[in-house]
Each structure stands twice: as C-alpha cells, then as structure tokens.
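Here is the file my_file.cif (mmCIF, C-alpha atoms and all ligand atoms).
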```
data_work
#
loop_
_atom_site.group_PDB
_atom_site.id
_atom_site.type_symbol
_atom_site.label_atom_id
_atom_site.label_comp_id
_atom_site.auth_asym_id
_atom_site.auth_seq_id
_atom_site.Cartn_x
_atom_site.Cartn_y
_atom_site.Cartn_z
ATOM 1 C CA MET C 30 0.000 0.000 0.000
ATOM 2 C CA ALA C 31 1.396 3.395 -0.982
ATOM 3 C CA GLY C 32 0.294 6.616 -2.543
ATOM 4 C CA ASP C 33 1.096 10.271 -2.580
ATOM 5 C CA THR C 34 -0.917 13.241 -3.786
ATOM 6 C CA LEU C 35 -1.103 17.022 -3.829
ATOM 7 C CA ALA C 36 -3.579 18.680 -1.462
ATOM 8 C CA PRO C 37 -3.963 21.904 -3.425
ATOM 9 C CA ALA C 38 -4.471 25.357 -1.925
ATOM 10 C CA LYS C 39 -8.014 26.654 -2.437
ATOM 11 C CA ILE C 40 -8.541 30.232 -3.563
ATOM 12 C CA ASN C 41 -11.848 32.084 -3.434
ATOM 13 C CA LEU C 42 -11.791 34.305 -6.536
ATOM 14 C CA PHE C 43 -14.808 36.038 -5.024
ATOM 15 C CA LEU C 44 -16.680 35.405 -1.792
ATOM 16 C CA HIS C 45 -20.077 36.987 -1.227
ATOM 17 C CA VAL C 46 -21.476 36.457 2.277
ATOM 18 C CA GLY C 47 -24.997 37.119 3.555
ATOM 19 C CA ALA C 48 -26.555 37.555 7.014
ATOM 20 C CA PRO C 49 -26.227 34.540 9.331
ATOM 21 C CA GLY C 50 -29.090 32.080 9.703
ATOM 22 C CA VAL C 51 -30.442 30.832 13.049
ATOM 23 C CA ASP C 52 -27.648 28.241 13.233
ATOM 24 C CA GLY C 53 -25.044 31.041 13.037
ATOM 25 C CA TYR C 54 -23.784 29.897 9.623
ATOM 26 C CA HIS C 55 -23.690 32.344 6.749
ATOM 27 C CA PRO C 56 -25.135 31.819 3.266
ATOM 28 C CA LEU C 57 -22.454 32.451 0.695
ATOM 29 C CA CYS C 58 -21.657 32.411 -2.986
ATOM 30 C CA SER C 59 -18.071 31.823 -4.066
ATOM 31 C CA LEU C 60 -16.055 30.897 -7.130
ATOM 32 C CA MET C 61 -13.318 28.546 -5.923
ATOM 33 C CA VAL C 62 -10.240 27.471 -7.827
ATOM 34 C CA PHE C 63 -7.234 25.371 -6.821
ATOM 35 C CA ALA C 64 -3.492 25.946 -7.028
ATOM 36 C CA ASP C 65 -0.840 23.650 -8.452
ATOM 37 C CA ALA C 66 0.866 24.219 -5.077
ATOM 38 C CA GLY C 67 -0.205 22.908 -1.719
ATOM 39 C CA ASP C 68 0.459 20.337 0.968
ATOM 40 C CA ARG C 69 1.316 16.743 0.098
ATOM 41 C CA VAL C 70 -0.365 13.754 1.678
ATOM 42 C CA SER C 71 1.003 10.250 1.458
ATOM 43 C CA LEU C 72 -0.348 6.930 2.626
ATOM 44 C CA HIS C 73 1.773 4.001 3.841
ATOM 45 C CA GLU C 74 1.043 0.630 5.273
ATOM 46 C CA GLY C 75 0.958 0.925 9.052
ATOM 47 C CA ASP C 76 -0.306 -0.907 12.084
ATOM 48 C CA ALA C 77 -2.209 2.081 13.458
ATOM 49 C CA LEU C 78 -4.201 4.964 11.997
ATOM 50 C CA VAL C 79 -1.779 7.837 12.547
ATOM 51 C CA VAL C 80 -0.613 10.979 10.785
ATOM 52 C CA LYS C 81 2.962 12.178 10.905
ATOM 53 C CA VAL C 82 3.227 15.896 10.143
ATOM 54 C CA ARG C 83 6.380 17.433 8.715
ATOM 55 C CA GLY C 84 7.247 20.383 6.487
ATOM 56 C CA PRO C 85 7.704 24.135 6.920
ATOM 57 C CA PHE C 86 4.350 24.732 8.673
ATOM 58 C CA ALA C 87 4.135 21.489 10.685
ATOM 59 C CA ASP C 88 4.542 23.306 14.003
ATOM 60 C CA GLN C 89 1.484 25.485 13.318
ATOM 61 C CA LEU C 90 -0.865 22.520 13.528
ATOM 62 C CA ALA C 91 -2.623 22.286 16.870
ATOM 63 C CA GLY C 92 -1.853 18.589 17.360
ATOM 64 C CA GLU C 93 -2.679 15.227 15.968
ATOM 65 C CA GLY C 94 -5.941 14.997 17.889
ATOM 66 C CA ASP C 95 -7.833 17.472 15.737
ATOM 67 C CA ASN C 96 -6.051 16.807 12.459
ATOM 68 C CA LEU C 97 -8.611 16.696 9.665
ATOM 69 C CA VAL C 98 -6.672 13.910 7.907
ATOM 70 C CA LEU C 99 -7.396 11.595 10.830
ATOM 71 C CA ARG C 100 -11.007 12.714 11.198
ATOM 72 C CA ALA C 101 -11.547 12.114 7.472
ATOM 73 C CA ALA C 102 -9.891 8.678 7.565
ATOM 74 C CA ARG C 103 -11.860 7.588 10.631
ATOM 75 C CA ALA C 104 -15.129 8.725 9.060
ATOM 76 C CA LEU C 105 -14.360 6.860 5.815
ATOM 77 C CA LEU C 106 -13.273 3.686 7.590
ATOM 78 C CA ALA C 107 -16.539 3.788 9.563
ATOM 79 C CA LYS C 108 -18.353 3.386 6.232
ATOM 80 C CA ALA C 109 -16.162 0.471 5.132
ATOM 81 C CA ARG C 110 -17.871 -2.830 4.452
ATOM 82 C CA GLY C 111 -15.571 -5.301 6.150
ATOM 83 C CA PRO C 112 -12.209 -4.933 7.914
ATOM 84 C CA GLN C 113 -9.537 -2.754 6.278
ATOM 85 C CA ALA C 114 -5.768 -2.662 6.662
ATOM 86 C CA LEU C 115 -4.856 0.195 8.966
ATOM 87 C CA SER C 116 -3.044 3.074 7.362
ATOM 88 C CA ALA C 117 -0.447 5.648 8.280
ATOM 89 C CA PHE C 118 -0.407 9.070 6.667
ATOM 90 C CA THR C 119 2.361 11.597 6.241
ATOM 91 C CA LEU C 120 1.282 15.204 5.839
ATOM 92 C CA ASP C 121 3.880 17.541 4.361
ATOM 93 C CA LYS C 122 2.501 20.886 5.550
ATOM 94 C CA ARG C 123 3.716 23.416 2.980
ATOM 95 C CA LEU C 124 0.799 25.851 3.261
ATOM 96 C CA PRO C 125 0.393 28.282 6.149
ATOM 97 C CA VAL C 126 -2.302 27.188 8.618
ATOM 98 C CA ALA C 127 -5.557 29.151 9.265
ATOM 99 C CA ALA C 128 -4.724 31.097 6.138
ATOM 100 C CA GLY C 129 -7.872 31.129 3.956
ATOM 101 C CA LEU C 130 -6.424 28.431 1.700
ATOM 102 C CA GLY C 131 -8.664 25.539 2.748
ATOM 103 C CA GLY C 132 -5.571 23.609 3.785
ATOM 104 C CA GLY C 133 -7.220 21.327 6.339
ATOM 105 C CA SER C 134 -10.133 20.493 4.019
ATOM 106 C CA SER C 135 -7.804 19.908 1.093
ATOM 107 C CA ASP C 136 -5.598 17.624 3.226
ATOM 108 C CA ALA C 137 -8.716 15.720 4.253
ATOM 109 C CA GLY C 138 -9.834 15.441 0.616
ATOM 110 C CA ALA C 139 -6.433 14.091 -0.398
ATOM 111 C CA ALA C 140 -6.526 11.554 2.452
ATOM 112 C CA LEU C 141 -10.001 10.372 1.423
ATOM 113 C CA ARG C 142 -8.962 9.934 -2.224
ATOM 114 C CA LEU C 143 -5.828 7.999 -1.257
ATOM 115 C CA LEU C 144 -7.534 5.807 1.318
ATOM 116 C CA ARG C 145 -10.433 4.932 -0.999
ATOM 117 C CA GLU C 146 -7.952 3.503 -3.528
ATOM 118 C CA HIS C 147 -6.933 0.887 -0.977
ATOM 119 C CA MET C 148 -10.324 -0.121 0.369
ATOM 120 C CA THR C 149 -12.160 -3.271 -0.582
ATOM 121 C CA PRO C 150 -14.829 -2.943 -1.759
ATOM 122 C CA ARG C 151 -14.107 0.509 -3.116
ATOM 123 C CA LEU C 152 -16.547 3.188 -1.866
ATOM 124 C CA ASP C 153 -18.174 5.336 -4.532
ATOM 125 C CA ASP C 154 -17.808 9.088 -5.140
ATOM 126 C CA ALA C 155 -21.076 9.916 -3.349
ATOM 127 C CA GLU C 156 -19.850 8.180 -0.172
ATOM 128 C CA LEU C 157 -16.588 10.113 -0.332
ATOM 129 C CA GLU C 158 -18.476 13.357 -0.888
ATOM 130 C CA SER C 159 -20.735 12.807 2.106
ATOM 131 C CA VAL C 160 -17.714 12.209 4.379
ATOM 132 C CA ALA C 161 -15.951 15.299 2.986
ATOM 133 C CA ALA C 162 -19.054 17.465 3.451
ATOM 134 C CA GLY C 163 -19.278 16.378 7.095
ATOM 135 C CA LEU C 164 -15.823 17.782 7.828
ATOM 136 C CA GLY C 165 -16.630 21.465 7.310
ATOM 137 C CA ALA C 166 -18.292 24.023 5.081
ATOM 138 C CA ASP C 167 -15.680 23.743 2.297
ATOM 139 C CA GLY C 168 -14.966 20.014 2.756
ATOM 140 C CA ALA C 169 -16.965 18.970 -0.315
ATOM 141 C CA ALA C 170 -15.536 21.758 -2.497
ATOM 142 C CA CYS C 171 -11.980 20.729 -1.580
ATOM 143 C CA LEU C 172 -12.436 17.001 -2.260
ATOM 144 C CA TRP C 173 -11.735 16.948 -5.989
ATOM 145 C CA GLY C 174 -9.784 20.200 -6.353
ATOM 146 C CA ARG C 175 -11.688 21.313 -9.421
ATOM 147 C CA PRO C 176 -13.113 24.816 -9.957
ATOM 148 C CA VAL C 177 -16.627 25.143 -8.525
ATOM 149 C CA LEU C 178 -19.279 27.681 -7.725
ATOM 150 C CA ALA C 179 -20.175 27.108 -4.081
ATOM 151 C CA GLN C 180 -23.437 28.207 -2.473
ATOM 152 C CA GLY C 181 -25.382 27.479 0.689
ATOM 153 C CA ARG C 182 -22.857 27.248 3.535
ATOM 154 C CA GLY C 183 -20.300 26.331 0.907
ATOM 155 C CA GLU C 184 -21.495 22.758 0.401
ATOM 156 C CA ARG C 185 -23.891 23.299 -2.551
ATOM 157 C CA LEU C 186 -21.661 22.958 -5.612
ATOM 158 C CA SER C 187 -22.149 23.611 -9.295
ATOM 159 C CA PRO C 188 -19.621 23.677 -12.131
ATOM 160 C CA ALA C 189 -17.572 26.847 -12.490
ATOM 161 C CA PRO C 190 -17.593 28.770 -15.768
ATOM 162 C CA GLY C 191 -14.758 27.889 -18.145
ATOM 163 C CA LEU C 192 -11.522 29.498 -16.988
ATOM 164 C CA PRO C 193 -8.128 29.985 -18.586
ATOM 165 C CA VAL C 194 -5.168 28.696 -16.555
ATOM 166 C CA LEU C 195 -4.417 31.583 -14.211
ATOM 167 C CA GLU C 196 -0.893 32.689 -13.348
ATOM 168 C CA ALA C 197 -0.941 33.959 -9.787
ATOM 169 C CA VAL C 198 1.020 34.927 -6.707
ATOM 170 C CA LEU C 199 -0.156 34.054 -3.188
ATOM 171 C CA VAL C 200 1.013 36.219 -0.290
ATOM 172 C CA ASN C 201 0.513 35.707 3.437
ATOM 173 C CA PRO C 202 1.908 38.248 5.923
ATOM 174 C CA GLY C 203 2.609 35.583 8.558
ATOM 175 C CA VAL C 204 -0.499 36.060 10.680
ATOM 176 C CA SER C 205 -3.045 33.315 11.360
ATOM 177 C CA VAL C 206 -6.642 34.464 11.522
ATOM 178 C CA SER C 207 -9.460 32.491 13.086
ATOM 179 C CA THR C 208 -12.374 31.983 10.690
ATOM 180 C CA PRO C 209 -15.041 32.234 13.446
ATOM 181 C CA ALA C 210 -13.422 35.489 14.670
ATOM 182 C CA VAL C 211 -13.570 36.985 11.165
ATOM 183 C CA TYR C 212 -17.221 35.972 10.783
ATOM 184 C CA ALA C 213 -17.987 37.473 14.223
ATOM 185 C CA ALA C 214 -16.351 40.788 13.210
ATOM 186 C CA PHE C 215 -18.295 40.644 9.924
ATOM 187 C CA ASP C 216 -21.562 40.192 11.876
ATOM 188 C CA ALA C 217 -20.683 43.046 14.230
ATOM 189 C CA ALA C 218 -20.199 45.393 11.259
ATOM 190 C CA GLY C 219 -23.694 44.378 10.097
ATOM 191 C CA ILE C 220 -23.108 44.919 6.376
ATOM 192 C CA PHE C 221 -24.231 41.789 4.557
ATOM 193 C CA GLY C 222 -23.773 40.904 0.911
ATOM 194 C CA ASP C 223 -26.155 39.634 -1.759
ATOM 195 C CA VAL C 224 -25.549 35.905 -2.290
ATOM 196 C CA GLU C 225 -27.406 35.457 -5.580
ATOM 197 C CA PRO C 226 -24.788 34.252 -8.105
ATOM 198 C CA PRO C 227 -23.675 37.300 -10.107
ATOM 199 C CA PRO C 228 -24.332 37.011 -13.861
ATOM 200 C CA MET C 229 -21.322 35.389 -15.501
ATOM 201 C CA PRO C 230 -20.467 34.107 -18.972
ATOM 202 C CA GLU C 231 -20.236 30.378 -19.707
ATOM 203 C CA ALA C 232 -16.490 30.791 -20.134
ATOM 204 C CA PHE C 233 -13.845 33.457 -19.614
ATOM 205 C CA GLU C 234 -11.462 33.530 -22.563
ATOM 206 C CA SER C 235 -8.597 35.445 -20.974
ATOM 207 C CA VAL C 236 -7.270 36.492 -17.585
ATOM 208 C CA GLU C 237 -7.904 40.143 -18.499
ATOM 209 C CA GLU C 238 -11.592 39.374 -19.105
ATOM 210 C CA LEU C 239 -11.809 37.445 -15.825
ATOM 211 C CA ALA C 240 -9.994 40.144 -13.817
ATOM 212 C CA GLY C 241 -12.303 42.824 -15.256
ATOM 213 C CA TRP C 242 -15.329 40.765 -14.244
ATOM 214 C CA LEU C 243 -13.900 39.950 -10.790
ATOM 215 C CA ALA C 244 -13.570 43.695 -10.166
ATOM 216 C CA THR C 245 -17.404 43.763 -10.087
ATOM 217 C CA THR C 246 -17.387 41.104 -7.305
ATOM 218 C CA ARG C 247 -16.021 41.143 -3.743
ATOM 219 C CA ASN C 248 -14.616 39.243 -0.825
ATOM 220 C CA ASP C 249 -17.140 40.379 1.793
ATOM 221 C CA LEU C 250 -14.902 39.183 4.655
ATOM 222 C CA GLU C 251 -11.975 41.396 3.644
ATOM 223 C CA ALA C 252 -12.858 44.451 5.770
ATOM 224 C CA ALA C 253 -13.504 42.341 8.882
ATOM 225 C CA ALA C 254 -10.252 40.412 8.435
ATOM 226 C CA VAL C 255 -8.229 43.608 7.843
ATOM 227 C CA ALA C 256 -9.734 45.093 11.029
ATOM 228 C CA LEU C 257 -8.528 42.028 12.992
ATOM 229 C CA ALA C 258 -5.179 41.700 11.207
ATOM 230 C CA PRO C 259 -4.066 45.025 9.657
ATOM 231 C CA ALA C 260 -1.122 43.254 7.967
ATOM 232 C CA ILE C 261 -3.672 41.922 5.442
ATOM 233 C CA GLY C 262 -4.314 45.527 4.420
ATOM 234 C CA ASP C 263 -0.541 45.951 3.881
ATOM 235 C CA VAL C 264 -0.504 42.895 1.597
ATOM 236 C CA LEU C 265 -3.454 44.148 -0.457
ATOM 237 C CA ALA C 266 -1.964 47.651 -0.763
ATOM 238 C CA THR C 267 1.464 46.270 -1.703
ATOM 239 C CA LEU C 268 0.066 43.925 -4.360
ATOM 240 C CA SER C 269 -2.299 46.546 -5.783
ATOM 241 C CA ASP C 270 0.629 48.965 -6.287
ATOM 242 C CA GLU C 271 2.491 46.501 -8.516
ATOM 243 C CA PRO C 272 1.937 46.764 -12.270
ATOM 244 C CA GLU C 273 1.784 42.971 -12.787
ATOM 245 C CA ALA C 274 -1.226 42.534 -10.479
ATOM 246 C CA LEU C 275 -4.382 42.606 -12.623
ATOM 247 C CA ILE C 276 -6.382 42.196 -9.421
ATOM 248 C CA ALA C 277 -5.436 41.645 -5.772
ATOM 249 C CA ARG C 278 -7.857 40.166 -3.246
ATOM 250 C CA MET C 279 -7.979 38.170 -0.022
ATOM 251 C CA SER C 280 -8.920 34.462 -0.152
ATOM 252 C CA GLY C 281 -11.502 33.011 2.251
ATOM 253 C CA SER C 282 -11.291 34.538 5.710
ATOM 254 C CA GLY C 283 -7.605 35.430 5.166
ATOM 255 C CA ALA C 284 -4.911 36.202 5.764
ATOM 256 C CA THR C 285 -3.609 34.932 2.386
ATOM 257 C CA CYS C 286 -4.191 37.237 -0.581
ATOM 258 C CA PHE C 287 -3.720 36.513 -4.277
ATOM 259 C CA ALA C 288 -2.827 38.526 -7.344
ATOM 260 C CA LEU C 289 -3.657 37.428 -10.895
ATOM 261 C CA CYS C 290 -1.057 38.173 -13.558
ATOM 262 C CA GLN C 291 -0.965 38.132 -17.329
ATOM 263 C CA SER C 292 1.825 35.550 -17.718
ATOM 264 C CA GLU C 293 4.136 33.248 -15.807
ATOM 265 C CA VAL C 294 7.023 35.704 -16.366
ATOM 266 C CA GLU C 295 5.012 38.562 -14.839
ATOM 267 C CA ALA C 296 3.948 36.401 -11.892
ATOM 268 C CA GLU C 297 7.571 35.360 -11.333
ATOM 269 C CA SER C 298 8.801 38.946 -11.352
ATOM 270 C CA LEU C 299 5.985 40.035 -9.002
ATOM 271 C CA ALA C 300 6.789 37.178 -6.609
ATOM 272 C CA GLU C 301 10.500 38.000 -6.640
ATOM 273 C CA ARG C 302 9.895 41.696 -5.968
ATOM 274 C CA ILE C 303 7.523 41.004 -3.046
ATOM 275 C CA MET C 304 10.031 38.517 -1.560
ATOM 276 C CA ALA C 305 12.795 41.134 -1.802
ATOM 277 C CA MET C 306 10.595 43.858 -0.261
ATOM 278 C CA LYS C 307 9.045 41.718 2.486
ATOM 279 C CA PRO C 308 11.350 38.845 3.416
ATOM 280 C CA ASP C 309 9.073 37.849 6.319
ATOM 281 C CA TRP C 310 6.038 37.248 4.136
ATOM 282 C CA TRP C 311 5.164 33.859 2.632
ATOM 283 C CA VAL C 312 5.115 34.251 -1.142
ATOM 284 C CA GLN C 313 4.187 31.484 -3.583
ATOM 285 C CA ARG C 314 3.948 31.767 -7.344
ATOM 286 C CA CYS C 315 1.472 29.246 -8.737
ATOM 287 C CA ARG C 316 -1.144 28.437 -11.369
ATOM 288 C CA LEU C 317 -4.809 28.455 -10.442
ATOM 289 C CA GLY C 318 -7.455 26.210 -11.954
ATOM 290 C CA GLY C 319 -7.472 22.483 -11.345
ATOM 291 C CA PRO C 320 -7.724 19.643 -10.923
ATOM 292 C CA TRP C 321 -3.956 19.140 -10.956
ATOM 293 C CA GLY C 322 -2.493 15.678 -11.585
HETATM 294 O O1 LIG C 401 -17.496 24.619 8.645
HETATM 295 P P1 LIG C 401 -16.155 25.118 9.094
HETATM 296 O O2 LIG C 401 -15.655 24.426 10.324
HETATM 297 O O3 LIG C 401 -15.157 25.194 8.001
HETATM 298 O O4 LIG C 401 -16.420 26.638 9.497
HETATM 299 C C1 LIG C 401 -15.586 27.320 10.389
HETATM 300 C C2 LIG C 401 -16.355 28.489 10.953
HETATM 301 O O5 LIG C 401 -16.617 29.434 9.924
HETATM 302 C C3 LIG C 401 -17.722 28.158 11.533
HETATM 303 O O6 LIG C 401 -17.620 27.812 12.877
HETATM 304 C C4 LIG C 401 -18.469 29.461 11.375
HETATM 305 O O7 LIG C 401 -18.112 30.350 12.414
HETATM 306 C C5 LIG C 401 -17.886 30.046 10.116
HETATM 307 N N1 LIG C 401 -18.693 29.829 8.892
HETATM 308 C C6 LIG C 401 -19.892 30.499 8.733
HETATM 309 N N2 LIG C 401 -20.620 30.336 7.599
HETATM 310 C C7 LIG C 401 -20.180 29.542 6.601
HETATM 311 C C8 LIG C 401 -18.947 28.861 6.728
HETATM 312 C C9 LIG C 401 -18.220 29.018 7.898
HETATM 313 O O8 LIG C 401 -20.312 31.237 9.630
HETATM 314 N N3 LIG C 401 -20.902 29.411 5.487
#
```
What does the file become when written as structure tokens?
Amino acid sequence: MAGDTLAPAKINLFLHVGAPGVDGYHPLCSLMVFADAGDRVSLHEGDALVVKVRGPFADQLAGEGDNLVLRAARALLAKARGPQALSAFTLDKRLPVAAGLGGGSSDAGAALRLLREHMTPRLDDAELESVAAGLGADGAACLWGRPVLAQGRGERLSPAPGLPVLEAVLVNPGVSVSTPAVYAAFDAAGIFGDVEPPPMPEAFESVEELAGWLATTRNDLEAAAVALAPAIGDVLATLSDEPEALIARMSGSGATCFALCQSEVEAESLAERIMAMKPDWWVQRCRLGGPWG
C-alpha cells in the first residue's frame, strides 16, 4: 500500500457572504479554484491509523488529535464494508495554517482519495463526498480540487464557468486568523452581501476578461479580516501597487491574498519583488485552476 498526492491550496476568486441564519452559519456564494501548489499527503502501510506531520508549517498545527486527515480517515473507515488494513499518513505541511487556503479540508480530501484507492470494496464518489461534506463548510468543495461555484454554507456545488489557466502569486503576511473570529467581526459590522450568483459568462477567454469581471465582485470578509489583522491591508496595498497585479484580493477569511497576472514571467517577477521587499512574508507563485495531476 502506498500513494502520494497534492492537497492543493483553495482560492476564493470572489466570496459573497450574507446575514447569518439561526444556526449562526452564513449563506455564501463563491467561485473557488485550486493551485498547483499545496500540501502533500502520502499513505503508507501501518499498524495504526496515525498521521505524521512534517514540512515548513508542521509546528502550526494544533496537534494530531484534531487533524482533519485523521477525522476524514476515521469517518471513511466507519463506512467500510468489512475490515480494512490500517493506514499511516504523512502530511507535508507546505501551506500556512488558518490562512484562507482551505488547507485542512484539502488535506482531508487528499486523504479520502488515497484511502479509498486501498479499500475493498471501493466506496463510490457519493460516499466520499458525504464524508468530505461532514468535515466542514468547504470540505466537499476541496475534495476533488476542481473549480466550482459554491453556495449554501459552501457545500452546494455547481460547475464553475470555463476558466483559462491563471498565473498567480499568493502572499501571506505571517499572521493566522481564526475563521469564526472573522465571521464574528463581519456580523458586528452588520453589512451583509447579496448571495445570488452574479451574472457570468459560460467561459472566460482570458485572464484580463476574468480580472475585469472579478472587479465587479467582492470578498465580503476582507474588511472584517483587515480590522482584525491590519497586515492583510498591507498585503493588499502592496500587491495593488504593482503593475503585474491585474487584481489583488484576499482568499476566504484570510490572511492569504492573491494577485492574478498576465503571464508566468510577470507572476515570477511580481513574486520576486515582493520577496525582496518583504522577506518575512510567505510568497508562492502558482497556477490556479485544477484539478492538478
Ligand atoms: O465549517 P467550518 O468548520 O469550516 O467553518 C468554520 C467556521 O466558519 C464556523 O464555525 C463558522 O463560524 C464560520 N462559517 C460560517 N458560515 C459559513 C462557513 C463558515 O459562519 N458558510
């Protein structure tokens, strides 16, 4: 038994958020894409269900107990028909944690896909999707790593419009922000967005066309996140000042922001300049779209 896969970073190209319902959750509408960069999850034969975490952001994880990889694996094994060989995971944590990149959900999705390959009988996609959806609002969206339009709490998925491959730069100022805290600050401000899907074409032909359209959309959590972590405002201002950034916006509840660029060369030069200016920031050039092999 062995396998290894990318757990791609998730980016919300836009994120419209409405007033909370009685359960405290917020209705939303978001166009999500995935990066060709992320964590890596591997599966090995083992005599206990464990996850070993390594990599540059390993120490930011709270502890094995609440690791989503383990929760996902336990939930999938509970659906197994018949005994299964126990499995050991390695999680190479390359993405910052609590960063608006869906890292935990994407790790869980990767673990589910890997584990399913080694189960007998093999569970079907719907069973995998129901486990993923039970792990959090963006669990289902992060299972397959393909572009989607997410609605409801984030679990109601429909296909995204056609997108060109997007050259991008991700930037995180090195602050973790708690998603519930950002939503609480958003509620306190009391300005709620419209969550009807904005009119969009069937396909965007170029990044310029997409960036122009995205400028008519928003990340409604941006102001609340900037109020909690002003460094996010520095990232957005820095990216917006650079000529290569066609658009700069925060992803999810932050603190990671992205810029879309016209070409790989422009994205590379933007990434290099930001790294030189702000050596403490996490900067990652990548392509957005998905799914990535
Ligand atoms: O579902 P998940 O654990 O990813 O959500 C984390 C937190 O984000 C929730 O506890 C809730 O505070 C907030 N949230 C929300 N509305 C959503 C998604 C998440 O209020 N649609």
(request) Can you work out the spacing between CA of Leu57 (chain C) and CA of Asp249 (chain C) in Å, to one decimal? (result) 9.6 Å
(request) Give the answer as one residue: which of C:Gly67, C:Pro272, C:Gly111, C:Gly281 has the shortest atom-to-atom distance to ligand LIG 401 (chain C), using only C-alpha atoms and all ligand atoms? (result)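 Of the candidates, the smallest distance to ligand LIG 401 (chain C) is held by C:Gly281.
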Tell me, counting all atoms listed in the file, for each residue of region 142-225 of chain C within 9 Å of region 254-262 of chain C, which pair of atoms is nearest and how far apart they are in Å to one decimal, in rows ordered by chain and increasing number, as a Markdown table.
```
| residue | atom | partner | partner_atom | distance |
| --- | --- | --- | --- | --- |
| C:Asn201 | CA | C:Ile261 | CA | 7.8 |
| C:Pro202 | CA | C:Ala260 | CA | 6.2 |
| C:Gly203 | CA | C:Ala260 | CA | 8.6 |
| C:Val204 | CA | C:Ala258 | CA | 7.3 |
| C:Ser205 | CA | C:Ala258 | CA | 8.7 |
| C:Val206 | CA | C:Ala258 | CA | 7.4 |
| C:Thr208 | CA | C:Ala254 | CA | 9.0 |
| C:Ala210 | CA | C:Leu257 | CA | 8.3 |
| C:Val211 | CA | C:Ala254 | CA | 5.5 |
| C:Tyr212 | CA | C:Ala254 | CA | 8.6 |
| C:Ala214 | CA | C:Ala254 | CA | 7.8 |
| C:Phe215 | CA | C:Ala254 | CA | 8.2 |
```
(request) Could you list the residues chosen by the PyMOL selection byres (((not hetatm)) within 8 of (chain C and resi 401)) in this structure as number ranges by chain? (result) C: 46, 49, 53-57, 134, 164-168, 181-183, 208-210, 212-213
(message) Could you check the closest approach to Ala64 (chain C) for each of C:Ala244, C:Leu250, C:Val198, C:Leu105 and tell me which residue wins, using only C-alpha atoms?
(response)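 Counting only C-alpha atoms, the residue closest to Ala64 (chain C) is C:Val198.
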(request) Pick out the closest residue to Asp65 (chain C) from this set: C:Val160, C:Ile40, C:Cys286, C:Leu90. Count only C-alpha atoms. (result) C:Ile40
(request) Name all residues at most 12 Å from Ala266 (chain C) (count all atoms listed in the file; drop same-chain ones fewer than 2 positions away) and give them as a ChimeraX atom specification. (result) /C:200,255,259-264,268-271,274,276-279,286-288,303
(request) Have a look at C:Ser159, C:Gln89, C:Ser135, C:Gln180 and name the one nearest to Thr34 (chain C); count all atoms listed in the file. (result)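 Checking each of C:Ser159, C:Gln89, C:Ser135, C:Gln180 against Thr34 (chain C), counting all atoms listed in the file, the winner is C:Ser135.
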Centre and edge lengths, as JSON, for the axis-aligned box enclosing every listed atom of region 34-40 of chain C with 3 Å of padding on each of the six sides, in Å to one decimal?
```
{"center_x": -4.7, "center_y": 21.7, "center_z": -2.6, "size_x": 13.6, "size_y": 23.0, "size_z": 8.4}
```
(request) Could you check which of C:Asp216, C:Arg69, C:Cys290, C:Ala161 is closest to Ala48 (chain C), using all atoms listed in the file? (result)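 Comparing C:Asp216, C:Arg69, C:Cys290, C:Ala161 against Ala48 (chain C), the winner is C:Asp216.
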(request) Rank nothing, just name the residue among C:Pro112, C:Gly32, C:Gly219, C:Pro320 nearest to Pro150 (chain C), using all atoms listed in the file. (result)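 Between C:Pro112, C:Gly32, C:Gly219, C:Pro320, the residue approaching Pro150 (chain C) most closely is C:Pro112.
Taking CA of Ser71 (chain C) and CA of Arg316 (chain C) as the two end points, the separation is 22.4 Å.
When CA of Val177 (chain C) is paired with CA of Met61 (chain C), their separation reads 5.4 Å.
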(request) May I have the residues at most 10 Å from (-14.6, 23.8, -9.8) in the file's coordinates, counting all atoms listed in the file, as a list in words? (result)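 Checked against the point, the hits come out as Leu60, Met61, Val62, Phe63, Ala170, Cys171, Trp173, Gly174, Arg175, Pro176, Val177, Leu178, Ala179, Leu186, Ser187, Pro188, Ala189, Pro190, Gly191, Leu192, Gly318, Gly319 and Pro320 of chain C.
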Please, could you write that set of residues out with C-alpha atoms as a PDB file, in the coordinates of the input?
```pdb
ATOM      1  CA  LEU C  60     -16.055  30.897  -7.130  1.00  0.00           C
ATOM      2  CA  MET C  61     -13.318  28.546  -5.923  1.00  0.00           C
ATOM      3  CA  VAL C  62     -10.240  27.471  -7.827  1.00  0.00           C
ATOM      4  CA  PHE C  63      -7.234  25.371  -6.821  1.00  0.00           C
ATOM      5  CA  ALA C 170     -15.536  21.758  -2.497  1.00  0.00           C
ATOM      6  CA  CYS C 171     -11.980  20.729  -1.580  1.00  0.00           C
ATOM      7  CA  TRP C 173     -11.735  16.948  -5.989  1.00  0.00           C
ATOM      8  CA  GLY C 174      -9.784  20.200  -6.353  1.00  0.00           C
ATOM      9  CA  ARG C 175     -11.688  21.313  -9.421  1.00  0.00           C
ATOM     10  CA  PRO C 176     -13.113  24.816  -9.957  1.00  0.00           C
ATOM     11  CA  VAL C 177     -16.627  25.143  -8.525  1.00  0.00           C
ATOM     12  CA  LEU C 178     -19.279  27.681  -7.725  1.00  0.00           C
ATOM     13  CA  ALA C 179     -20.175  27.108  -4.081  1.00  0.00           C
ATOM     14  CA  LEU C 186     -21.661  22.958  -5.612  1.00  0.00           C
ATOM     15  CA  SER C 187     -22.149  23.611  -9.295  1.00  0.00           C
ATOM     16  CA  PRO C 188     -19.621  23.677 -12.131  1.00  0.00           C
ATOM     17  CA  ALA C 189     -17.572  26.847 -12.490  1.00  0.00           C
ATOM     18  CA  PRO C 190     -17.593  28.770 -15.768  1.00  0.00           C
ATOM     19  CA  GLY C 191     -14.758  27.889 -18.145  1.00  0.00           C
ATOM     20  CA  LEU C 192     -11.522  29.498 -16.988  1.00  0.00           C
ATOM     21  CA  GLY C 318      -7.455  26.210 -11.954  1.00  0.00           C
ATOM     22  CA  GLY C 319      -7.472  22.483 -11.345  1.00  0.00           C
ATOM     23  CA  PRO C 320      -7.724  19.643 -10.923  1.00  0.00           C
TER      24      PRO C 320
END
```
